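Structure data follow from target-v2.cif (mmCIF, C-alpha atoms):
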data_my_file
loop_
_atom_site.group_PDB
_atom_site.id
_atom_site.type_symbol
_atom_site.label_atom_id
_atom_site.label_comp_id
_atom_site.auth_asym_id
_atom_site.auth_seq_id
_atom_site.Cartn_x
_atom_site.Cartn_y
_atom_site.Cartn_z
ATOM 1 C CA ALA A 119 -26.666 180.860 119.517
ATOM 2 C CA SER A 120 -30.097 180.302 117.985
ATOM 3 C CA GLY A 121 -30.313 176.840 119.538
ATOM 4 C CA GLU A 122 -29.405 178.215 122.965
ATOM 5 C CA PHE A 123 -31.912 181.046 122.548
ATOM 6 C CA THR A 124 -34.656 178.611 121.571
ATOM 7 C CA ASN A 125 -33.704 176.350 124.477
ATOM 8 C CA SER A 126 -33.954 179.269 126.920
ATOM 9 C CA ILE A 127 -37.348 180.418 125.654
ATOM 10 C CA ILE A 128 -38.845 176.927 125.796
ATOM 11 C CA LEU A 129 -37.393 176.340 129.265
ATOM 12 C CA ALA A 130 -38.847 179.624 130.568
ATOM 13 C CA LYS A 131 -42.270 179.149 128.970
ATOM 14 C CA LEU A 132 -42.543 175.557 130.194
ATOM 15 C CA LYS A 133 -41.687 176.671 133.734
ATOM 16 C CA VAL A 134 -44.649 179.046 133.671
ATOM 17 C CA LEU A 135 -46.888 176.451 131.999
ATOM 18 C CA THR A 136 -46.000 173.696 134.508
ATOM 19 C CA GLU A 137 -46.026 176.142 137.451
ATOM 20 C CA GLY A 138 -42.435 175.231 138.243
ATOM 21 C CA ARG A 139 -42.974 171.487 138.384
ATOM 22 C CA TRP A 140 -41.348 168.700 136.415
ATOM 23 C CA LEU A 141 -37.896 170.203 135.900
ATOM 24 C CA TRP A 142 -36.812 167.103 133.976
ATOM 25 C CA ILE A 143 -39.566 167.596 131.384
ATOM 26 C CA ARG A 144 -38.627 171.255 131.003
ATOM 27 C CA THR A 145 -34.898 170.647 130.599
ATOM 28 C CA ILE A 146 -35.182 167.677 128.277
ATOM 29 C CA SER A 147 -37.953 169.212 126.131
ATOM 30 C CA SER A 148 -36.062 172.456 125.668
ATOM 31 C CA THR A 149 -32.899 170.510 124.850
ATOM 32 C CA LEU A 150 -34.712 168.407 122.244
ATOM 33 C CA VAL A 151 -35.698 171.503 120.279
ATOM 34 C CA GLY A 152 -32.692 173.740 120.964
ATOM 35 C CA GLU A 153 -30.065 171.130 120.188
ATOM 36 C CA LEU A 154 -31.866 170.069 117.030
ATOM 37 C CA MET A 155 -31.674 173.654 115.754
ATOM 38 C CA ASP A 156 -28.071 174.032 116.889
ATOM 39 C CA THR A 157 -26.990 170.757 115.313
ATOM 40 C CA LEU A 158 -28.793 171.376 112.018
ATOM 41 C CA ILE A 159 -27.326 174.866 111.681
ATOM 42 C CA PHE A 160 -23.796 173.791 112.614
ATOM 43 C CA VAL A 161 -23.652 170.748 110.325
ATOM 44 C CA THR A 162 -25.265 172.680 107.464
ATOM 45 C CA ILE A 163 -22.728 175.522 107.691
ATOM 46 C CA ALA A 164 -19.830 173.094 108.092
ATOM 47 C CA SER A 165 -21.034 171.167 105.029
ATOM 48 C CA ILE A 166 -21.483 174.336 102.955
ATOM 49 C CA PHE A 167 -17.866 175.276 103.708
ATOM 50 C CA HIS A 168 -16.683 171.726 102.928
ATOM 51 C CA VAL A 169 -15.597 170.913 106.471
ATOM 52 C CA PHE A 170 -17.770 167.792 106.202
ATOM 53 C CA PRO A 171 -18.945 166.081 103.019
ATOM 54 C CA TRP A 172 -22.692 166.268 102.355
ATOM 55 C CA GLU A 173 -22.799 162.472 102.323
ATOM 56 C CA LEU A 174 -22.247 162.553 106.097
ATOM 57 C CA PHE A 175 -24.916 165.187 106.782
ATOM 58 C CA THR A 176 -27.619 162.866 108.127
ATOM 59 C CA THR A 177 -25.178 160.746 110.115
ATOM 60 C CA LEU A 178 -23.524 163.808 111.661
ATOM 61 C CA VAL A 179 -26.847 165.416 112.579
ATOM 62 C CA LEU A 180 -28.202 162.236 114.143
ATOM 63 C CA THR A 181 -25.087 161.279 116.085
ATOM 64 C CA ASN A 182 -24.417 164.792 117.375
ATOM 65 C CA TYR A 183 -28.065 165.340 118.276
ATOM 66 C CA LEU A 184 -28.406 162.016 120.073
ATOM 67 C CA PHE A 185 -25.150 162.637 121.952
ATOM 68 C CA LYS A 186 -26.253 166.101 123.124
ATOM 69 C CA VAL A 187 -29.695 164.912 124.214
ATOM 70 C CA GLY A 188 -28.141 161.870 125.894
ATOM 71 C CA VAL A 189 -25.812 164.089 127.919
ATOM 72 C CA GLU A 190 -28.786 166.196 129.020
ATOM 73 C CA VAL A 191 -30.670 163.114 130.158
ATOM 74 C CA LEU A 192 -27.643 161.757 132.040
ATOM 75 C CA MET A 193 -26.972 165.134 133.682
ATOM 76 C CA THR A 194 -30.565 165.619 134.868
ATOM 77 C CA PRO A 195 -29.847 164.463 138.454
ATOM 78 C CA VAL A 196 -26.947 166.929 138.631
ATOM 79 C CA THR A 197 -29.195 169.669 137.259
ATOM 80 C CA TYR A 198 -31.717 168.992 140.027
ATOM 81 C CA ARG A 199 -29.017 169.371 142.693
ATOM 82 C CA VAL A 200 -27.587 172.555 141.177
ATOM 83 C CA VAL A 201 -30.998 174.199 140.733
ATOM 84 C CA LYS A 202 -32.006 173.327 144.293
ATOM 85 C CA SER A 203 -28.736 174.704 145.640
ATOM 86 C CA LEU A 204 -29.012 177.939 143.650
ATOM 87 C CA LYS A 205 -32.613 178.533 144.703
ATOM 88 C CA ARG A 206 -31.636 178.017 148.321
ATOM 89 C CA ALA A 207 -28.555 180.274 148.086
ATOM 90 C CA GLU A 208 -30.288 183.055 146.156
ATOM 91 C CA GLN A 209 -33.646 182.639 147.900
ATOM 92 C CA GLU A 210 -35.352 183.194 144.596
ATOM 93 C CA ASP A 211 -37.389 181.201 142.094
ATOM 94 C CA PHE A 212 -38.040 183.434 139.075
ATOM 95 C CA TYR A 213 -40.840 182.885 136.558
ATOM 96 C CA ASP A 214 -40.726 184.617 133.159
ATOM 97 C CA ARG A 215 -44.344 185.736 133.213
ATOM 98 C CA GLY A 216 -44.822 188.579 130.776
ATOM 99 C CA THR A 217 -41.221 188.467 129.560
ATOM 100 C CA ASP A 218 -40.719 189.751 126.019
ATOM 101 C CA PHE A 219 -38.307 187.307 124.377
ATOM 102 C CA ASN A 220 -38.000 189.305 121.153
ATOM 103 C CA PRO A 221 -34.232 189.782 120.663
ATOM 104 C CA PHE A 222 -34.789 192.723 118.307
ATOM 105 C CA ARG A 223 -36.479 194.959 120.874
ATOM 106 C CA GLY A 224 -34.240 196.737 123.190
#
Please render this file's structure as structure tokens.
Amino acid sequence: ASGEFTNSIILAKLKVLTEGRWLWIRTISSTLVGELMDTLIFVTIASIFHVFPWELFTTLVLTNYLFKVGVEVLMTPVTYRVVKSLKRAEQEDFYDRGTDFNPFRG
């Protein structure tokens, strides 16, 4: 959840920063950070509860992280098509200007 949340914030902020351009940079950059957090948290918790031995920690983090980022890179052309289709269907292109991303305010 924290990796997805981080991914979403970075994606939204980069969209504003790039003025909606360079979707591939936004998606891959947000994935790099979000999936690193997600992978580190998951493998750490799994290792603490002895699902995986600590000796495999680095290998598991690296392989899982590289796999997740690789999938994002490979799926980028599909992402472009889906985003274009959704924008056309919804006739909207939202920018998170002024959005408060604090999850503890309600």
Output check: residues returned by the PyMOL selection byres ((chain A and resi 128) around 9), as a PyMOL selection string = chain A and resi 123-127+129-133+144-145+147-149+151-152
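Among the candidates A:Lys205, A:Val179, A:Asn220, A:Leu150, the residue lying nearest to Val191 in chain A is A:Leu150 (atoms considered: all atoms listed in the file).
Summary of the local environment: counting all atoms listed in the file, residues at most 10 Å from Leu158 in chain A, other than itself and those fewer than 5 positions away along its chain, are A:Gly121, A:Glu153, A:Ile163, A:Ala164, A:Phe175, A:Thr176, A:Leu178, A:Val179, A:Leu180, A:Asn182, A:Tyr183.
The nearest approach to Thr194 in chain A among the residues A:Val134, A:Leu141, A:Val161, A:Ile166, with all atoms listed in the file taken into account, belongs to A:Leu141.
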Show me, as lines of an AutoDock Vina configuration file, the centre and edge lengths in Å to one decimal of the axis-aligned box that covers every listed atom of range 167-185 of chain A with 5 Å on each side.
center_x = -22.0
center_y = 168.0
center_z = 112.1
size_x = 22.8
size_y = 24.5
size_z = 29.6
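Using only C-alpha atoms for every distance, the candidate list A:Arg215, A:Val196, A:Pro221, A:Leu135 yields A:Pro221 as the residue closest to Ala119 in chain A.
Nearest to Met155 in chain A of all the residues A:Lys186, A:Arg139, A:His168, A:Lys202 is A:Lys186, based on all atoms listed in the file.
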